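Enquirer: Handing you this structure, nothing more for now.
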Amino acid sequence: MVSKKIKEEIKKLREEIHYHNWRYYVLNDPVITDYEYDLLMTKLKKMEEQYPEIITSDSPTQRIGGAITGEFPPVEHIPPMLSLDNTYTYEEVLDFDKRVKKLVNQDEIEYAVELKIDGVAVSLRYKNGIFVQGATRGNGQIGDDITGNLKTIKSIPLRLLTDEKSLLDLEVRGEVYIPRKIFEKLNKEREQAEKNLFANPRNAAAGSLKHLDPKEVAKRNLNIFIHTPVFSTNSIKTHYDAILKLKEIGFKVTPFIKKVKNIQEAIKICNEWESKKGNLAFDIDGMVIKVNSFKYHRILGHTNKSPRWAIAYKFPTKQATTKIRNVIINVGRTGKITPVAILEPVSLSGTTISRSTLHNEDEIRRKDIRIGDTVIIEKGGEIIPKVVKVITEKRTGGEKIFKMPERCPVCGSKLVRIEGEVDWRCINVRCPAQLKRGIEHFASRNAMDIEGLGTVVIEQLVNKKLVADYGDIYYLKKGDVANLERMAEKSAENLIDAIENSKKRPLFRLIFALGIRNIGIHSARLLSEHFYSIDNLKNASYEDILSIPEMGPISAKSIVKFFKEEENVRVLKKLKDAGVNIKEAKSVEKKPFSGKTFVFTGTLSHYTRDEAQEIIARLGGKPSNSISKKTDFVVVGKLPGSKYKKAKSLEVKILTEKEFIKMLPEKLRK
Ligand code: IVH
């Protein structure tokens with residue numbers, strides 16, 4: 001039996017953490033340091049480990065505790081989750097206002113105006129103040145239960161910050177979104193890992209919410225804005241006041257809401273946001289205008305599809321109509337086959353578009369895209385335009401269904417589609433297309449950064465058989481290069497110099513340049529810091545690689561596989577013989593903290609605890625949270641905890657923050 005005192009202590013601790021979560025994730029205004037927050041979480045985790053019977057679903061430790069689900073059970077929406085009527089012109093907005101005035105028999109209507117977040121609609125249910133169920137919209141009547149995934153969103157309160165009885169059983173609806181910066185980062189990582197890109201932040205959010213493993217969802221950094229209350233209380237009279245109330249009890253509500261006296265003022269606000277929407281950290285696709293009074297909501301009611309008390313004013317998107325002339329096949333660096341639409345050139349937000357990626361065969365089937373089709377293309381936040389939809393009404397009957405070729409259009413070998421993957425691949429390692437893309441990658445800015453070695457030059461070098469692998473680059477003579485088309489003497493000289501200079505690049509760039517599947521620049525850095533040389537990396541086992549905290553099994557497998565292939569080993573030898581740097585500069589010396597364990601207690605003034613721990617790891621040491629006789633150093637900050645006492649009693653070496661900083665190399669000191 002857990003004593004009453006312990007139960008009380010845990011309850012207080014959870015309340016404290018909920019409060020700080022809210023300050024940080026909802027208000028953006030923390031009142032304690034990350035370190036202090038971590039201390040509270042560690043304490044709670046420890047107590048829950050000791051007394052597992054007191055773990056509750058709303059405990060802050062349970063955000064990513066959800067199990068991997070085989071499927072999402074259905075959830076019924078009562079009332080149904082409707083959608084909004086869309087308008088594209090201010091005349092239509094004025095018509096809406098006229099309809100409302102007539103139905104409620106008033107001369108002027110007060111509205112609340114909000115941003116229309118371009119995300120994924122979800123509903124959240126609270127019972128007795130605790131978050132118990134979250135669901136997707138589904139068909140509006142029935143959605144999917146995605147509670148575990150929603151719990152990973154830190155701005156969703158697991159427990160409401162109120163005791164008001166009428167608010168404890170509550171439902172709210174809102175929009176899950178991914179901020180643009182995080183979306184870009186996510187797509188960059190996916191590109192480097194040769195995974196399919198998300199077309200826009202909304203798709204990324206939708207895809208993430210459907211993931212079956214909450215741990216993966218947690219990595220996506222999803223966020224939410226709540227825009228709709230489903231109250232049972234009668235004390236709140238307007239939408240505006242309801243949103244304020246939701247904010248007060250812990251929700252991250254719609255980021256902009258303004259009460260206006262009439263529709264003209266509402267239109268003015270829409271107009272203002274149309275020009276400044278680009279400054280936001282997330283995507284919006286319009287504005288929502290809502291009748292403010294709940295009394296009028298009841299009078300106005302709703303149609304099958306949407307409420308009569310609200311309307312969306314959608315901003316014009318960057319779309320254009322054009323025709324698909326052909327579909328060609330692009331062969332990527334790792335043999336991935338991407339169908340590309342060749343379009344009748346069309347101007348779209350300032351640029352001429354003549355190509356658009358069709359992603360993969362399934363996407364073509366899903367959208368039923370045919371050669372000769374008239375299509376709508378759209379350029380969102382992303383650079384590559386996409387085909388939004390086919391205008392089937394414009395079909396003449398002469399359109400041709402695209403058939404994936406059976407063989408690689410470049411080398412002729414049979415294409416394969418591995419079960420469970422969406423992409424077809426050319427698996428011939430000697431395929432010239434793969435070779436060209438591979439060399440492009442090898443020479444690219446983040447890799448070996450060889451200026452002047454671009455697509456056109458590589459095309460000729462490979463076609464003339466001057467280069468059969470990236471190792472050959474380092475054996476090119478000025479004469480070879482000068483003979484290429486459109487290559488002047490001076491440019492040939494520059495290219496040879498650039499190739500020579502690239503031999504000195506740091507090891508991580510070389511690792512990235514090799515184009516190992518699933519290894520992006522970040523992983524390349526980790527590998528370089530851990531193994532110091534290509535030879536060590538080559539000899540590393542799957543387990544060795546997995547022992548690096550941020551490396552997962554997929555990357556580890558890719559690396560082992562890469563170095564098992566004789567062809568790769570042969571080319572690496574060529575690089576080595578040519579004098580390309582294959583070692584980390586610092587590799588000769590041992591890392592300064594190798595084999596040393598560090599524990600921190602109290603608050604540091606110059607570093608957050610995360611930063612300090614990261615530094616220890618970078619210097620080869622091991623940061624740890626608990627002290628034992630084997631601990632080498634305890635770094636003591638302000639207001640140290642019990643670890644300080646323990647360090648003394650175990651006679652572990654104690655360092656002040658100043659002493660610790662002195663041990664660091666100059667460039668890491670603050
Ligand atoms: S109010 C009856 N307010 O837009 C629906 N919706 O087609 C009431 N949306 O799926 C919704 N931002 O999820 C409302 N500030 C906002 C919104 C918003 C985005 C979404 C909503 C709905 C879709 C409408």
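Ligands are numbered from 1 in the order shown, chains are lettered A, B, ... in the order of the structure tokens, and residues start at 1 in each chain.
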For ligand 1, collect every residue having any atom at a distance of at most 10 Å from a ligand atom (counting only C-alpha atoms and all ligand atoms); output as a PyMOL selection string.
Expert: chain A and resi 80-86+112-123+136-137+140+173-177+225-229+253-257+284-290+302+305-312
Enquirer: Do a neighbour search on Met551 in chain A at 9 Å with only C-alpha atoms, toss out local chain neighbours closer than 6 positions, and write the hits as a PyMOL selection string.
Expert: chain A and resi 523+526-527+545
Enquirer: Which residues come within 12 Å of Ser275 in chain A, counting only C-alpha atoms, excluding same-chain residues fewer than 3 positions away, as a list in words?
Expert: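 Residues near the query, excluding close chain neighbours: Lys268, Ile269, Cys270, Asn271, Glu272, Gly278, Asn279, Leu280, Ile284, Gly286, Phe315 and Pro316 of chain A.
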Enquirer: With only C-alpha atoms as the counted atoms, please give the residues lying no more than 12 Å from Arg325 in chain A, apart from itself and same-chain residues fewer than 5 positions off, as an MDAnalysis selection string.
Expert: chainID A and resid 340:345 354:356 369:375 399:400 402
Enquirer: Keeping only all heavy atoms, write those residues as a CSV table (one decimal), in the first residue's frame.
Expert:
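Result went into out_8.csv, see below:
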chain,number,residue,atom,x,y,z
A,340,VAL,N,8.0,11.7,-63.3
A,340,VAL,CA,7.9,13.2,-63.3
A,340,VAL,C,7.0,13.6,-64.4
A,340,VAL,O,7.1,13.1,-65.6
A,340,VAL,CB,9.3,13.8,-63.5
A,340,VAL,CG1,9.3,15.3,-63.7
A,340,VAL,CG2,10.3,13.4,-62.4
A,341,ALA,N,6.1,14.6,-64.2
A,341,ALA,CA,5.2,15.0,-65.2
A,341,ALA,C,5.9,16.1,-66.0
A,341,ALA,O,6.4,17.1,-65.4
A,341,ALA,CB,3.9,15.5,-64.6
A,342,ILE,N,5.9,16.0,-67.3
A,342,ILE,CA,6.4,17.1,-68.2
A,342,ILE,C,5.1,17.9,-68.6
A,342,ILE,O,4.2,17.4,-69.1
A,342,ILE,CB,7.0,16.5,-69.5
A,342,ILE,CG1,8.2,15.6,-69.1
A,342,ILE,CG2,7.5,17.7,-70.4
A,342,ILE,CD1,9.3,16.3,-68.3
A,343,LEU,N,5.1,19.2,-68.2
A,343,LEU,CA,3.9,20.0,-68.3
A,343,LEU,C,4.0,21.0,-69.5
A,343,LEU,O,5.1,21.3,-69.9
A,343,LEU,CB,3.7,20.8,-67.1
A,343,LEU,CG,3.7,20.0,-65.7
A,343,LEU,CD1,3.7,21.0,-64.6
A,343,LEU,CD2,2.4,19.2,-65.7
A,344,GLU,N,2.9,21.4,-70.0
A,344,GLU,CA,2.9,22.5,-70.9
A,344,GLU,C,3.3,23.7,-70.0
A,344,GLU,O,2.7,24.0,-69.0
A,344,GLU,CB,1.5,22.8,-71.5
A,344,GLU,CG,1.4,22.2,-72.9
A,344,GLU,CD,0.0,22.2,-73.4
A,344,GLU,OE1,-0.8,23.0,-73.0
A,344,GLU,OE2,-0.3,21.3,-74.2
A,345,PRO,N,4.4,24.4,-70.4
A,345,PRO,CA,4.9,25.5,-69.5
A,345,PRO,C,3.8,26.5,-69.1
A,345,PRO,O,3.0,26.9,-69.9
A,345,PRO,CB,6.0,26.1,-70.3
A,345,PRO,CG,6.4,25.1,-71.3
A,345,PRO,CD,5.2,24.3,-71.6
A,354,SER,N,7.5,23.7,-65.7
A,354,SER,CA,7.3,22.8,-66.8
A,354,SER,C,7.5,21.3,-66.4
A,354,SER,O,7.3,20.4,-67.2
A,354,SER,CB,8.4,23.1,-67.9
A,354,SER,OG,9.6,23.2,-67.3
A,355,ARG,N,7.7,21.2,-65.1
A,355,ARG,CA,7.8,19.8,-64.5
A,355,ARG,C,7.1,19.7,-63.2
A,355,ARG,O,7.1,20.8,-62.5
A,355,ARG,CB,9.3,19.4,-64.3
A,355,ARG,CG,10.0,19.0,-65.5
A,355,ARG,CD,11.5,18.9,-65.2
A,355,ARG,NE,12.1,18.5,-66.4
A,355,ARG,CZ,12.8,17.4,-66.6
A,355,ARG,NH1,13.0,16.6,-65.6
A,355,ARG,NH2,13.3,17.1,-67.8
A,356,SER,N,6.7,18.6,-62.8
A,356,SER,CA,6.2,18.4,-61.5
A,356,SER,C,6.4,17.0,-61.0
A,356,SER,O,6.1,16.1,-61.8
A,356,SER,CB,4.7,18.8,-61.5
A,356,SER,OG,4.0,18.2,-60.4
A,369,ILE,N,-4.0,10.1,-62.5
A,369,ILE,CA,-3.3,11.1,-63.5
A,369,ILE,C,-3.0,10.4,-64.7
A,369,ILE,O,-2.3,9.3,-64.7
A,369,ILE,CB,-2.1,11.7,-62.8
A,369,ILE,CG1,-2.5,12.5,-61.5
A,369,ILE,CG2,-1.3,12.5,-63.8
A,369,ILE,CD1,-1.3,12.9,-60.7
A,370,ARG,N,-3.4,11.0,-65.9
A,370,ARG,CA,-3.1,10.3,-67.2
A,370,ARG,C,-2.4,11.3,-68.1
A,370,ARG,O,-2.6,12.5,-67.9
A,370,ARG,CB,-4.4,9.9,-67.9
A,370,ARG,CG,-5.2,9.0,-67.0
A,370,ARG,CD,-6.5,8.5,-67.7
A,370,ARG,NE,-7.3,7.8,-66.7
A,370,ARG,CZ,-8.5,7.3,-67.0
A,370,ARG,NH1,-9.0,7.5,-68.2
A,370,ARG,NH2,-9.2,6.7,-66.1
A,371,ILE,N,-1.6,10.7,-69.0
A,371,ILE,CA,-0.9,11.6,-70.0
A,371,ILE,C,-1.9,12.3,-70.9
A,371,ILE,O,-2.8,11.6,-71.4
A,371,ILE,CB,0.1,10.8,-70.8
A,371,ILE,CG1,1.2,10.2,-69.8
A,371,ILE,CG2,0.8,11.6,-71.9
A,371,ILE,CD1,2.0,9.1,-70.4
A,372,GLY,N,-1.8,13.6,-71.0
A,372,GLY,CA,-2.8,14.3,-71.8
A,372,GLY,C,-3.9,15.0,-70.9
A,372,GLY,O,-4.7,15.8,-71.4
A,373,ASP,N,-3.9,14.7,-69.6
A,373,ASP,CA,-4.9,15.3,-68.7
A,373,ASP,C,-4.6,16.8,-68.5
A,373,ASP,O,-3.5,17.2,-68.5
A,373,ASP,CB,-4.8,14.6,-67.3
A,373,ASP,CG,-5.8,13.5,-67.2
A,373,ASP,OD1,-6.8,13.5,-67.9
A,373,ASP,OD2,-5.6,12.6,-66.3
A,374,THR,N,-5.7,17.5,-68.3
A,374,THR,CA,-5.6,18.8,-67.8
A,374,THR,C,-5.7,18.8,-66.3
A,374,THR,O,-6.5,18.1,-65.7
A,374,THR,CB,-6.8,19.7,-68.3
A,374,THR,OG1,-6.8,19.6,-69.8
A,374,THR,CG2,-6.7,21.1,-67.9
A,375,VAL,N,-4.7,19.5,-65.7
A,375,VAL,CA,-4.6,19.3,-64.2
A,375,VAL,C,-4.4,20.7,-63.6
A,375,VAL,O,-4.0,21.7,-64.2
A,375,VAL,CB,-3.3,18.5,-63.8
A,375,VAL,CG1,-3.5,17.0,-64.2
A,375,VAL,CG2,-2.0,19.0,-64.4
A,399,GLU,N,-6.7,10.5,-73.6
A,399,GLU,CA,-5.6,10.4,-72.5
A,399,GLU,C,-5.1,9.0,-72.3
A,399,GLU,O,-5.8,8.0,-72.6
A,399,GLU,CB,-6.2,10.9,-71.2
A,399,GLU,CG,-6.6,12.4,-71.1
A,399,GLU,CD,-7.9,12.6,-71.9
A,399,GLU,OE1,-8.7,11.7,-72.1
A,399,GLU,OE2,-8.2,13.8,-72.2
A,400,LYS,N,-3.8,9.0,-72.0
A,400,LYS,CA,-3.2,7.6,-71.9
A,400,LYS,C,-2.9,7.3,-70.4
A,400,LYS,O,-2.3,8.2,-69.7
A,400,LYS,CB,-1.9,7.5,-72.7
A,400,LYS,CG,-2.2,7.2,-74.1
A,400,LYS,CD,-1.0,6.6,-74.8
A,400,LYS,CE,0.1,7.6,-74.9
A,400,LYS,NZ,1.2,7.6,-75.7
A,402,PHE,N,-0.7,6.0,-67.6
A,402,PHE,CA,0.8,5.8,-67.4
A,402,PHE,C,1.1,4.4,-66.9
A,402,PHE,O,0.4,4.0,-65.9
A,402,PHE,CB,1.3,6.9,-66.5
A,402,PHE,CG,2.8,6.6,-66.1
A,402,PHE,CD1,3.8,6.8,-67.0
A,402,PHE,CD2,3.1,6.1,-64.9
A,402,PHE,CE1,5.1,6.5,-66.7
A,402,PHE,CE2,4.4,5.8,-64.5
A,402,PHE,CZ,5.4,6.0,-65.4
Enquirer: Take CA of Lys436 in chain A and CA of Ile458 in chain A and report the distance between them in Å, one decimal.
Expert: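 Here the two named atoms are 6.3 Å from each other.
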Enquirer: I need the residue nearest Asn196 in chain A from this list: A:Asn360, A:Asn149, A:Ser347, A:Thr608. Use only C-alpha atoms for the distance.
Expert: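 For Asn196 in chain A, the nearest of the candidates is A:Asn360.
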Enquirer: Report the distance between CA of Lys477 in chain A and CA of Cys411 in chain A in Å, rounded to one decimal place.
Expert: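 A separation of 27.5 Å between them.
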Enquirer: Considering only C-alpha atoms, return as a PDB file with N, CA and C atoms, in the first residue's frame whatever protein or nucleic-acid residues lie within 9 Å of Ile627 in chain A, sequence-local ones (same chain, fewer than 6 positions apart) excluded.
Expert:
ATOM      1  N   PHE A 598      30.515  11.930 -15.657  1.00  0.00           N
ATOM      2  CA  PHE A 598      30.200  13.203 -15.003  1.00  0.00           C
ATOM      3  C   PHE A 598      28.760  13.196 -14.504  1.00  0.00           C
ATOM      4  N   VAL A 599      28.558  13.760 -13.314  1.00  0.00           N
ATOM      5  CA  VAL A 599      27.186  13.933 -12.804  1.00  0.00           C
ATOM      6  C   VAL A 599      27.027  15.408 -12.435  1.00  0.00           C
ATOM      7  N   VAL A 634      31.733  15.164 -10.019  1.00  0.00           N
ATOM      8  CA  VAL A 634      30.400  15.728  -9.796  1.00  0.00           C
ATOM      9  C   VAL A 634      30.548  17.240  -9.931  1.00  0.00           C
ATOM     10  N   LYS A 643      22.727  14.975  -4.289  1.00  0.00           N
ATOM     11  CA  LYS A 643      23.888  14.349  -4.935  1.00  0.00           C
ATOM     12  C   LYS A 643      25.193  14.928  -4.403  1.00  0.00           C
ATOM     13  N   LYS A 646      26.050  13.087  -1.339  1.00  0.00           N
ATOM     14  CA  LYS A 646      26.452  11.719  -1.681  1.00  0.00           C
ATOM     15  C   LYS A 646      27.869  11.713  -2.264  1.00  0.00           C
ATOM     16  N   ALA A 647      28.148  12.730  -3.107  1.00  0.00           N
ATOM     17  CA  ALA A 647      29.477  12.820  -3.718  1.00  0.00           C
ATOM     18  C   ALA A 647      30.537  12.928  -2.626  1.00  0.00           C
ATOM     19  N   LEU A 650      30.990   9.639  -0.834  1.00  0.00           N
ATOM     20  CA  LEU A 650      31.679   8.617  -1.639  1.00  0.00           C
ATOM     21  C   LEU A 650      33.085   9.063  -2.040  1.00  0.00           C
ATOM     22  N   VAL A 652      33.921  11.336  -4.160  1.00  0.00           N
ATOM     23  CA  VAL A 652      34.066  11.558  -5.608  1.00  0.00           C
ATOM     24  C   VAL A 652      34.593  12.977  -5.801  1.00  0.00           C
TER      25      VAL A 652
END
